[in-house]
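K.L.:
My file is target08.txt. It has compact mmCIF, C-alpha atoms and all ligand atoms:
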```txt
# COMPACT_ATOMS: atom_id res chain seq x y z
CA MET A 1 -6.24 -24.80 33.19
CA ASN A 2 -7.24 -22.45 30.41
CA ASN A 3 -4.64 -22.31 27.69
CA SER A 4 -6.76 -20.45 25.22
CA GLN A 5 -4.92 -17.74 23.35
CA THR A 6 -5.93 -14.76 21.26
CA PHE A 7 -4.41 -14.01 17.89
CA LYS A 8 -4.91 -10.87 15.87
CA PHE A 9 -4.40 -10.84 12.13
CA LYS A 10 -4.70 -7.98 9.71
CA ILE A 11 -5.26 -9.16 6.16
CA VAL A 12 -5.14 -6.70 3.25
CA VAL A 13 -7.31 -7.34 0.21
CA ILE A 14 -6.05 -5.53 -2.88
CA GLY A 15 -6.70 -5.47 -6.60
CA ASP A 16 -8.32 -3.21 -9.18
CA GLY A 17 -11.65 -1.51 -8.50
CA GLY A 18 -14.67 -3.65 -9.34
CA VAL A 19 -13.00 -7.07 -9.10
CA GLY A 20 -15.05 -8.03 -6.04
CA LYS A 21 -12.87 -7.32 -3.00
CA THR A 22 -15.67 -5.94 -0.85
CA SER A 23 -18.14 -8.58 -2.06
CA LEU A 24 -15.73 -11.40 -1.16
CA ILE A 25 -15.21 -10.05 2.35
CA LYS A 26 -18.97 -9.64 2.76
CA LYS A 27 -19.60 -13.17 1.57
CA PHE A 28 -17.03 -14.64 3.92
CA THR A 29 -18.11 -12.69 6.98
CA HIS A 30 -21.85 -13.29 6.32
CA GLY A 31 -22.76 -9.87 7.59
CA THR A 32 -21.66 -10.83 11.10
CA PHE A 33 -18.88 -8.31 10.72
CA GLU A 34 -18.29 -4.89 12.10
CA LYS A 35 -17.44 -2.55 9.32
CA ASP A 36 -15.65 0.73 9.52
CA TYR A 37 -14.24 3.30 7.21
CA ILE A 38 -11.16 5.49 7.35
CA LYS A 39 -11.70 8.48 5.15
CA THR A 40 -8.15 9.79 5.17
CA ILE A 41 -6.77 6.50 3.87
CA GLY A 42 -9.75 5.72 1.66
CA ALA A 43 -9.96 2.27 3.18
CA GLN A 44 -12.59 0.25 4.92
CA PHE A 45 -12.03 -2.51 7.36
CA THR A 46 -14.14 -5.41 8.48
CA LYS A 47 -13.67 -7.26 11.74
CA LEU A 48 -14.52 -10.88 12.36
CA GLU A 49 -13.97 -13.12 15.35
CA LYS A 50 -13.33 -16.81 14.78
CA GLU A 51 -12.37 -19.72 16.95
CA ILE A 52 -9.85 -22.40 16.08
CA ASN A 53 -9.08 -25.11 18.65
CA LYS A 54 -10.55 -22.90 21.40
CA ASP A 55 -8.16 -20.08 20.51
CA LYS A 56 -9.69 -16.77 19.59
CA ILE A 57 -8.80 -15.31 16.23
CA SER A 58 -9.49 -11.62 15.70
CA LEU A 59 -9.44 -10.89 12.02
CA VAL A 60 -9.40 -7.51 10.38
CA PHE A 61 -9.76 -7.36 6.61
CA TRP A 62 -8.68 -4.10 5.05
CA ASP A 63 -9.89 -3.21 1.63
CA ILE A 64 -9.50 -0.16 -0.49
CA ALA A 65 -12.65 1.86 -0.98
CA GLY A 66 -13.72 3.01 -4.41
CA GLN A 67 -12.08 2.56 -7.77
CA SER A 68 -8.60 1.69 -6.66
CA THR A 69 -5.52 1.63 -8.83
CA PHE A 70 -2.22 0.08 -7.90
CA ASP A 71 -0.52 3.43 -7.37
CA PHE A 72 -2.59 3.63 -4.24
CA LEU A 73 0.27 4.52 -1.96
CA ASN A 74 -0.85 5.12 1.58
CA PRO A 75 1.59 3.16 3.76
CA LEU A 76 -0.90 3.10 6.65
CA PHE A 77 -3.09 0.81 4.64
CA TYR A 78 -0.43 -1.89 4.59
CA ARG A 79 1.00 -1.36 8.04
CA GLU A 80 1.30 -4.51 10.15
CA SER A 81 -0.46 -6.72 7.62
CA ARG A 82 0.05 -10.40 8.23
CA ALA A 83 -1.22 -11.66 4.90
CA CYS A 84 -2.38 -10.35 1.57
CA ILE A 85 -5.05 -11.37 -0.91
CA ILE A 86 -4.73 -10.07 -4.46
CA VAL A 87 -8.03 -10.24 -6.30
CA TYR A 88 -8.61 -10.05 -10.03
CA SER A 89 -11.65 -10.75 -12.15
CA LEU A 90 -12.04 -13.66 -14.56
CA GLU A 91 -14.66 -11.89 -16.66
CA GLU A 92 -13.96 -11.70 -20.37
CA ASN A 93 -13.78 -7.96 -20.80
CA GLU A 94 -11.42 -5.08 -20.11
CA LEU A 95 -11.71 -5.36 -16.35
CA GLY A 96 -10.83 -9.04 -16.63
CA SER A 97 -7.70 -8.50 -18.70
CA GLU A 98 -6.55 -5.31 -16.98
CA SER A 99 -7.05 -6.62 -13.46
CA PHE A 100 -5.02 -9.71 -14.38
CA LYS A 101 -2.20 -7.61 -15.83
CA HIS A 102 -2.15 -5.46 -12.69
CA ILE A 103 -1.62 -8.38 -10.29
CA GLU A 104 2.11 -7.86 -10.56
CA ASN A 105 1.88 -4.12 -9.91
CA TRP A 106 -0.23 -4.73 -6.83
CA TYR A 107 2.19 -7.38 -5.69
CA ASP A 108 5.22 -5.08 -6.08
CA GLU A 109 3.50 -2.30 -4.21
CA MET A 110 2.48 -4.59 -1.37
CA LYS A 111 5.90 -6.23 -1.20
CA MET A 112 7.59 -2.86 -0.86
CA ARG A 113 5.36 -2.05 2.14
CA CYS A 114 5.00 -5.44 3.79
CA GLY A 115 8.08 -7.46 2.92
CA ASN A 116 7.68 -11.21 3.10
CA ILE A 117 4.13 -11.91 4.17
CA PRO A 118 2.05 -14.77 2.78
CA VAL A 119 0.22 -13.79 -0.40
CA VAL A 120 -2.53 -15.55 -2.32
CA ILE A 121 -4.40 -14.72 -5.50
CA PHE A 122 -8.18 -14.92 -5.82
CA ALA A 123 -9.42 -15.34 -9.39
CA ASN A 124 -12.95 -14.07 -8.80
CA LYS A 125 -16.27 -14.03 -10.71
CA ILE A 126 -15.95 -17.62 -11.94
CA ASP A 127 -19.75 -17.60 -12.26
CA LEU A 128 -19.43 -15.19 -15.20
CA ILE A 129 -17.44 -17.53 -17.42
CA GLU A 130 -17.72 -21.04 -18.74
CA GLU A 131 -15.37 -23.15 -16.66
CA SER A 132 -14.13 -24.70 -19.91
CA HIS A 133 -12.81 -21.23 -20.88
CA LEU A 134 -10.77 -21.04 -17.71
CA ASP A 135 -7.09 -20.94 -18.51
CA THR A 136 -5.47 -22.03 -15.27
CA SER A 137 -2.00 -22.21 -16.86
CA LYS A 138 -1.96 -18.40 -17.07
CA ILE A 139 -2.78 -18.13 -13.36
CA GLN A 140 -0.28 -20.82 -12.50
CA ILE A 141 2.49 -18.93 -14.32
CA ILE A 142 1.93 -15.71 -12.38
CA THR A 143 1.57 -17.70 -9.13
CA ASN A 144 4.97 -19.30 -9.73
CA LYS A 145 6.60 -16.13 -10.98
CA LEU A 146 5.61 -14.07 -7.95
CA LYS A 147 6.13 -16.99 -5.61
CA VAL A 148 2.74 -16.46 -4.05
CA LEU A 149 1.44 -19.37 -1.97
CA ASN A 150 -1.45 -20.36 -4.19
CA TYR A 151 -4.40 -19.19 -6.22
CA TYR A 152 -8.07 -19.84 -5.61
CA ILE A 153 -10.99 -19.71 -8.00
CA THR A 154 -13.88 -17.86 -6.34
CA SER A 155 -17.26 -16.32 -6.86
CA ALA A 156 -18.50 -13.78 -4.35
CA LYS A 157 -21.89 -14.14 -6.03
CA THR A 158 -22.44 -17.89 -5.65
CA GLY A 159 -19.98 -18.34 -2.80
CA GLN A 160 -17.95 -20.90 -4.78
CA GLY A 161 -14.50 -21.35 -3.26
CA VAL A 162 -14.85 -18.38 -0.92
CA ASN A 163 -14.87 -20.03 2.51
CA ASP A 164 -12.17 -22.51 1.58
CA ALA A 165 -9.87 -19.83 0.23
CA PHE A 166 -10.19 -17.52 3.23
CA ASN A 167 -10.01 -20.35 5.76
CA ILE A 168 -6.82 -21.77 4.30
CA ILE A 169 -5.06 -18.44 4.74
CA ILE A 170 -6.42 -17.94 8.24
CA GLU A 171 -5.42 -21.42 9.33
CA LYS A 172 -1.98 -20.94 7.88
CA LEU A 173 -1.52 -17.74 9.88
CA TYR A 174 -2.91 -19.39 12.97
CA HIS A 175 -0.63 -22.44 12.80
CA LYS A 176 2.39 -20.27 12.12
CA SER A 177 1.70 -18.05 15.13
CA LYS A 178 0.76 -20.99 17.34
CA THR A 179 4.03 -22.72 16.57
CA LEU A 180 5.94 -19.55 17.35
CA THR A 181 4.20 -18.98 20.68
CA SER A 182 4.56 -22.61 21.73
CA LYS A 183 8.31 -22.28 21.33
CA ILE A 184 8.53 -19.37 23.77
P1 LIG B 201 -14.39 -3.99 -5.34
O1 LIG B 201 -14.65 -3.91 -3.87
O2 LIG B 201 -13.21 -4.81 -5.69
O3 LIG B 201 -14.34 -2.64 -6.01
P2 LIG B 201 -17.09 -4.98 -5.45
O4 LIG B 201 -15.62 -4.76 -6.01
O5 LIG B 201 -17.11 -6.00 -4.38
O6 LIG B 201 -17.70 -3.67 -5.15
O7 LIG B 201 -17.80 -5.63 -6.72
C1 LIG B 201 -17.91 -4.91 -7.95
C2 LIG B 201 -19.11 -5.45 -8.72
O8 LIG B 201 -18.88 -6.80 -9.08
C3 LIG B 201 -20.42 -5.47 -7.92
O9 LIG B 201 -21.47 -5.29 -8.83
C4 LIG B 201 -20.48 -6.87 -7.37
O10 LIG B 201 -21.78 -7.30 -7.10
C5 LIG B 201 -19.90 -7.64 -8.54
N1 LIG B 201 -19.26 -8.89 -8.13
C6 LIG B 201 -18.32 -9.07 -7.18
N2 LIG B 201 -17.94 -10.35 -7.11
C7 LIG B 201 -18.66 -11.00 -8.05
C8 LIG B 201 -18.71 -12.38 -8.48
O11 LIG B 201 -18.01 -13.27 -8.00
N3 LIG B 201 -19.57 -12.65 -9.51
C9 LIG B 201 -20.36 -11.70 -10.10
N4 LIG B 201 -21.19 -12.09 -11.07
N5 LIG B 201 -20.33 -10.41 -9.71
C10 LIG B 201 -19.49 -10.08 -8.70
P3 LIG B 201 -22.36 -3.96 -8.86
O12 LIG B 201 -23.29 -4.20 -9.99
O13 LIG B 201 -22.99 -3.90 -7.54
O14 LIG B 201 -21.37 -2.86 -9.11
MG MG B 202 -14.89 -2.22 -2.66
```
Have the structure of the file written as structure tokens, please.
Ligand code: G3D
Ligand code: MG
P.N.:
Amino acid sequence: MNNSQTFKFKIVVIGDGGVGKTSLIKKFTHGTFEKDYIKTIGAQFTKLEKEINKDKISLVFWDIAGQSTFDFLNPLFYRESRACIIVYSLEENELGSESFKHIENWYDEMKMRCGNIPVVIFANKIDLIEESHLDTSKIQIITNKLKVLNYYITSAKTGQGVNDAFNIIIEKLYHKSKTLTSKI
């Protein structure tokens, strides 16, 4: 008997331009992805097939092309998303501080479109700062305030934290859907 199932998850990756959204997706998918671009929405999407416990997981990561700002409003971008990753940059410059401040704006925007889907924060570009400079209390505060599931420290450049962070979200979605379907 073949009980293998297929699950499809759309995951939106948002955050200011230049924080590393596209690089993180590239790093995670190792170039084994199929990439496409929707001009009218200004978004690109990347597909990846994975297997968990013999079930097939079809993932589509959507990310905003170009220098995005949080007033990016196209509802099609968010439609039917199952999870959301908000990325900001840890670098000690304007992009670092602005992209951190904008987490909440991105969150509000996403929430309005998607309702209650699981959200995580990626604090990216850890390779650009001394880990001793890392102020996790600041990240923890925003994580608690927005009630997002968790935050992950990543580097799309070195790969630090990338696989773990993506896989945790994917497995969470998988187990949630699997539990639902097994109840039917
Ligand atoms: P975006 O998709 O969020 O706009 P990109 O961001 O993935 O295009 O990344 C913007 C720039 O930051 C790129 O540099 C990319 O190489 C760099 N970058 C992304 N993630 C990291 C990281 O973790 N560490 C470091 N050091 N750099 C990173 P360029 O020079 O190509 O514009
Ligand atoms: Mg990009």
K.L.:
Which residue, A:Ile170, A:Leu90, A:Leu180, A:Ile38, has the smallest gap to Gly18 of chain A when you use all atoms listed in the file?
P.N.:
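For Gly18 of chain A, the nearest of the given residues is A:Leu90.
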K.L.:
At a cut-off of 7 Å and counting only C-alpha atoms and all ligand atoms, what residues surround ligand MG 202 (chain B)? Please answer as a list in words.
P.N.:
Gly17, Gly18, Gly20, Lys21, Thr22, Asp63, Ile64, Ala65 and Gly66 of chain A
K.L.:
Could you write out the selected residues, including C-alpha atoms, as a PDB file, in the frame of the given file?
P.N.:
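Below is the file that was written, again24.pdb:
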```pdb
ATOM      1  CA  GLY A  17     -11.650  -1.510  -8.500  1.00  0.00           C
ATOM      2  CA  GLY A  18     -14.670  -3.650  -9.340  1.00  0.00           C
ATOM      3  CA  GLY A  20     -15.050  -8.030  -6.040  1.00  0.00           C
ATOM      4  CA  LYS A  21     -12.870  -7.320  -3.000  1.00  0.00           C
ATOM      5  CA  THR A  22     -15.670  -5.940  -0.850  1.00  0.00           C
ATOM      6  CA  ASP A  63      -9.890  -3.210   1.630  1.00  0.00           C
ATOM      7  CA  ILE A  64      -9.500  -0.160  -0.490  1.00  0.00           C
ATOM      8  CA  ALA A  65     -12.650   1.860  -0.980  1.00  0.00           C
ATOM      9  CA  GLY A  66     -13.720   3.010  -4.410  1.00  0.00           C
TER      10      GLY A  66
END
```
K.L.:
Excluding segment 148-159 of chain A and its own-chain neighbours fewer than 5 positions away, which residues fall within 7 Å of it when counting only C-alpha atoms? Please give them as a ChimeraX atom specification.
P.N.:
/A:20,23-24,27,118-127,143,165
K.L.:
Report, in Å with one decimal, the straight-line distance from atom CA of Ile129 of chain A to atom CA of Glu91 of chain A.
P.N.:
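Separation of atom CA of Ile129 of chain A and atom CA of Glu91 of chain A: 6.3 Å.
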K.L.:
Give me, as a list of chain:residue names, all polymer residues having an atom no more than 12 Å from Arg79 of chain A, counting all atoms listed in the file and skipping those fewer than 4 positions away in the same chain.
P.N.:
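Near Arg79 of chain A, the qualifying residues are A:Phe9, A:Lys10, A:Ile11, A:Val12, A:Ile41, A:Trp62, A:Leu73, A:Asn74, A:Pro75, A:Ala83, A:Cys84, A:Met110, A:Lys111, A:Met112, A:Arg113, A:Cys114, A:Gly115, A:Ile117.
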K.L.:
Given the choices A:Leu76, A:Ile103, A:Leu173, A:Ile142, which gets closest to Thr40 of chain A if the distance is worked out from only C-alpha atoms?
P.N.:
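Looking only at the distances to Thr40 of chain A, the closest residue turns out to be A:Leu76.
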K.L.:
Given the choices A:Asn53, A:Ser4, A:Ser89, A:Thr29, which gets closest to Asn163 of chain A if the distance is worked out from all atoms listed in the file?
P.N.:
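The shortest atom-to-atom distance to Asn163 of chain A comes from A:Thr29.
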K.L.:
From the set A:Ile25, A:Val13, A:Val19, A:Leu134, which residue has the shortest atom-to-atom contact distance to ligand LIG 201 (chain B), counting all atoms listed in the file?
P.N.:
A:Val19
K.L.:
Could you tell me which of A:His175, A:Lys26, A:Lys8, A:Lys56 comes closest to ligand LIG 201 (chain B) if we count only C-alpha atoms and all ligand atoms?
P.N.:
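Nearest candidate to ligand LIG 201 (chain B) out of A:His175, A:Lys26, A:Lys8, A:Lys56: A:Lys26.
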K.L.:
Taking 6 positions as the minimum chain separation for residues in the same chain, which residues sit within 12 Å of Asn3 of chain A when counting only C-alpha atoms? Answer as a PDB file with C-alpha atoms, in the coordinates of the input.
P.N.:
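Contents of the output file selection.pdb:
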```
ATOM      1  CA  ASN A  53      -9.080 -25.110  18.650  1.00  0.00           C
ATOM      2  CA  LYS A  54     -10.550 -22.900  21.400  1.00  0.00           C
ATOM      3  CA  ASP A  55      -8.160 -20.080  20.510  1.00  0.00           C
ATOM      4  CA  LYS A  56      -9.690 -16.770  19.590  1.00  0.00           C
ATOM      5  CA  LYS A 178       0.760 -20.990  17.340  1.00  0.00           C
ATOM      6  CA  THR A 181       4.200 -18.980  20.680  1.00  0.00           C
ATOM      7  CA  SER A 182       4.560 -22.610  21.730  1.00  0.00           C
TER       8      SER A 182
END
```
K.L.:
What is the atom CA of Ile139 of chain A-atom CA of Phe77 of chain A distance in Å, reported with one decimal?
P.N.:
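Value for the atom CA of Ile139 of chain A-atom CA of Phe77 of chain A distance: 26.1 Å.
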